[in-house]
Amino acid sequence: MHKAGFVNIVGNPNVGKSTLMNDLVGERVSIITQKAQTTRHRIMGIVNTPEYQIVFSDTPGVLAPKYKLQESMLSFSEGALTDADILVYVTDVVEDPTKNAEFLAKVAKETVPVLLVINKIDLVKQQSDLDEIIARWKDILPNAEVFPTSAKEHFNVTNLMARIVELLPEHAPYFGKDALTDKPARFFVTEIVREKVLLNYDKEIPYSAEVIVEKFEEKDNSIHIMAVIYVERDSQKGILIGKGGAMIKRVGIEARKDIEKFFGKSVYLELFVKVEPNWRNRENKLRAFGYIE
């Protein structure tokens with residue numbers, strides 16, 4: 001009998017959820033940077049074999065919302081608790097276990113299998129320190145199976161994957177067997193461009209930026225893409241473009257290389273910057289940008 005199920009990855013910001021998901025899926029479907037709140041949407045990555053289909057779901061980090069965009073991000077994370085066949089809760093060796101206790105309490109009440117991933121164990125110097133961390137987490141999530149891992153180093157990820165396969169329910173595939181994700185091609189262009197913004201700018205710029213693809217013309221060997229980066233203020237637009245357009249040019253070059261790698265085709269990428277005041281708190285804009293259905 002064929003197995004299939006939804007494996008939802010949740011946890012606080014910056015614990016390595018996206019790195020873990022990309023490792024499990026074997027493809028780069030979630031953007032990764034050192035900055036918190038990198039993931040804004042709920043992103044699915046699908047693993048197929050003749051025997052099973054795993055639909056992994058990477059979610060935004062859990063945090064107390066300060067504006068409407070973060071409310072939407074939190075709703076993606078809380079929604080992941082309601083439709084999981086297996087829940088993967090990711091923490092790391094430096095995180096305070098009492099952080100976001102309300103969300104953790106919901107995880108503790110889950111009736112589906114919960115796999116507790118304690119990530120970044122490469123940072124731990126002594127086994128006794130790791131044992132202490134595991135014991136603390138077992139008090140909080142007593143029913144969870146614990147997997148100390150280093151997603152960055154691919155340590156213990158294979159064992160985690162094997163356990164997920166064991167726990168999968170019997171079910172027909174939910175998606176076509178050639179599917180890698182539920183997201184359209186344009187989505188990955190926006191995520192790659194947004195990643196380059198996150199990597200190249202500091203302070204508020206990355207969190208005020210949103211990317212929309214306005215043109216995506218694909219031919220046999222090439223793709224012509226026109227994308228707009230929205231920010232909230234004119235001053236942010238100036239910083240994003242940079243002196244003589246140097247900064248936006250750098251973002252474009254870096255993004256184009258990754259987009260070409262992702263699609264396996266040559267890419268002509270045009271980037272524009274526009275101001276959309278206070279978009280993170282405007283419901284109509286959040287709906288247009290795909291954060292509210």
# chains A, B, ... in the order shown; residues from 1 in each chain; ligands from 1
>>> residues_around(residues="range 173-182 of chain A", least_positions_apart="5", cutoff="6 Å", atoms="only C-alpha atoms", output="MDAnalysis selection string")
chainID A and resid 4 44:46 53
>>> write_last_selection(atoms="C-alpha atoms", output="compact mmCIF listing (two decimals), in the first residue's frame")
# COMPACT_ATOMS: atom_id res chain seq x y z
CA ALA A 4 1.40 9.71 1.87
CA MET A 44 5.51 23.04 0.51
CA GLY A 45 8.29 20.76 -0.70
CA ILE A 46 7.28 17.34 -1.97
CA GLN A 53 4.85 10.85 -1.01
>>> residues_around(residues="Lys3 in chain A", least_positions_apart="3", cutoff="8 Å", atoms="only C-alpha atoms", output="list in words")
Glu51, Tyr52, Gln53, Leu168, Pro169, Glu170, His171, Ala172 and Pro173 of chain A
>>> residues_around(residues="Trp137 in chain A", least_positions_apart="3", cutoff="9 Å", atoms="only C-alpha atoms", output="ChimeraX atom specification")
/A:97,116,118,132-134,140-142,146
>>> select_by_dssp(residues="range 28-234 of chain A", states="strand (DSSP E)", output="ChimeraX atom specification")
/A:43-48,52-58,86-92,114-119,145-148,210-218,222-231
>>> write_last_selection(atoms="C-alpha atoms", output="PDB file, in the first residue's frame")
ATOM      1  CA  ILE A  43       5.978  26.665   1.521  1.00  0.00           C
ATOM      2  CA  MET A  44       5.512  23.041   0.507  1.00  0.00           C
ATOM      3  CA  GLY A  45       8.291  20.762  -0.699  1.00  0.00           C
ATOM      4  CA  ILE A  46       7.277  17.336  -1.969  1.00  0.00           C
ATOM      5  CA  VAL A  47       9.348  14.141  -1.835  1.00  0.00           C
ATOM      6  CA  ASN A  48       8.251  11.286  -4.090  1.00  0.00           C
ATOM      7  CA  TYR A  52       5.464   7.111  -0.642  1.00  0.00           C
ATOM      8  CA  GLN A  53       4.853  10.846  -1.010  1.00  0.00           C
ATOM      9  CA  ILE A  54       5.844  13.265   1.766  1.00  0.00           C
ATOM     10  CA  VAL A  55       4.436  16.790   1.607  1.00  0.00           C
ATOM     11  CA  PHE A  56       6.752  18.881   3.777  1.00  0.00           C
ATOM     12  CA  SER A  57       5.579  22.322   4.835  1.00  0.00           C
ATOM     13  CA  ASP A  58       7.960  25.052   6.011  1.00  0.00           C
ATOM     14  CA  ILE A  86       3.298  14.402  11.497  1.00  0.00           C
ATOM     15  CA  LEU A  87       4.493  17.563  13.250  1.00  0.00           C
ATOM     16  CA  VAL A  88       8.192  18.463  13.317  1.00  0.00           C
ATOM     17  CA  TYR A  89       8.933  21.051  16.010  1.00  0.00           C
ATOM     18  CA  VAL A  90      12.352  22.624  15.476  1.00  0.00           C
ATOM     19  CA  THR A  91      14.371  24.316  18.202  1.00  0.00           C
ATOM     20  CA  ASP A  92      18.120  24.682  18.687  1.00  0.00           C
ATOM     21  CA  VAL A 114       5.494  15.040  17.209  1.00  0.00           C
ATOM     22  CA  LEU A 115       9.190  14.865  16.314  1.00  0.00           C
ATOM     23  CA  LEU A 116      11.274  17.335  18.315  1.00  0.00           C
ATOM     24  CA  VAL A 117      14.343  18.400  16.362  1.00  0.00           C
ATOM     25  CA  ILE A 118      17.052  20.010  18.496  1.00  0.00           C
ATOM     26  CA  ASN A 119      19.137  21.648  15.782  1.00  0.00           C
ATOM     27  CA  GLU A 145      10.464  11.834  19.945  1.00  0.00           C
ATOM     28  CA  VAL A 146      13.760  13.725  20.154  1.00  0.00           C
ATOM     29  CA  PHE A 147      16.194  14.068  17.247  1.00  0.00           C
ATOM     30  CA  PRO A 148      19.387  16.020  18.023  1.00  0.00           C
ATOM     31  CA  GLU A 210       8.142  42.666  -0.932  1.00  0.00           C
ATOM     32  CA  VAL A 211       8.747  41.310  -4.430  1.00  0.00           C
ATOM     33  CA  ILE A 212       6.119  40.857  -7.137  1.00  0.00           C
ATOM     34  CA  VAL A 213       6.805  39.302 -10.553  1.00  0.00           C
ATOM     35  CA  GLU A 214       4.922  41.297 -13.190  1.00  0.00           C
ATOM     36  CA  LYS A 215       6.252  39.470 -16.235  1.00  0.00           C
ATOM     37  CA  PHE A 216       7.404  35.864 -16.654  1.00  0.00           C
ATOM     38  CA  GLU A 217       7.883  34.910 -20.292  1.00  0.00           C
ATOM     39  CA  GLU A 218       9.371  31.446 -20.685  1.00  0.00           C
ATOM     40  CA  SER A 222      15.389  31.370 -21.786  1.00  0.00           C
ATOM     41  CA  ILE A 223      13.110  33.301 -19.421  1.00  0.00           C
ATOM     42  CA  HIS A 224      12.384  37.037 -19.457  1.00  0.00           C
ATOM     43  CA  ILE A 225      11.411  38.244 -15.968  1.00  0.00           C
ATOM     44  CA  MET A 226      10.286  41.675 -14.837  1.00  0.00           C
ATOM     45  CA  ALA A 227       9.958  42.067 -11.050  1.00  0.00           C
ATOM     46  CA  VAL A 228       9.098  44.963  -8.751  1.00  0.00           C
ATOM     47  CA  ILE A 229      10.525  45.363  -5.250  1.00  0.00           C
ATOM     48  CA  TYR A 230       8.068  47.296  -3.072  1.00  0.00           C
ATOM     49  CA  VAL A 231       9.220  49.246  -0.001  1.00  0.00           C
TER      50      VAL A 231
END
>>> atom_distance(atom1="CA of Ile205 in chain A", atom2="CA of Arg233 in chain A")
9.7 Å
>>> select_by_dssp(residues="range 82-149 of chain A", states="alpha helix (DSSP H)", output="PyMOL selection string")
chain A and resi 101-108+127-140
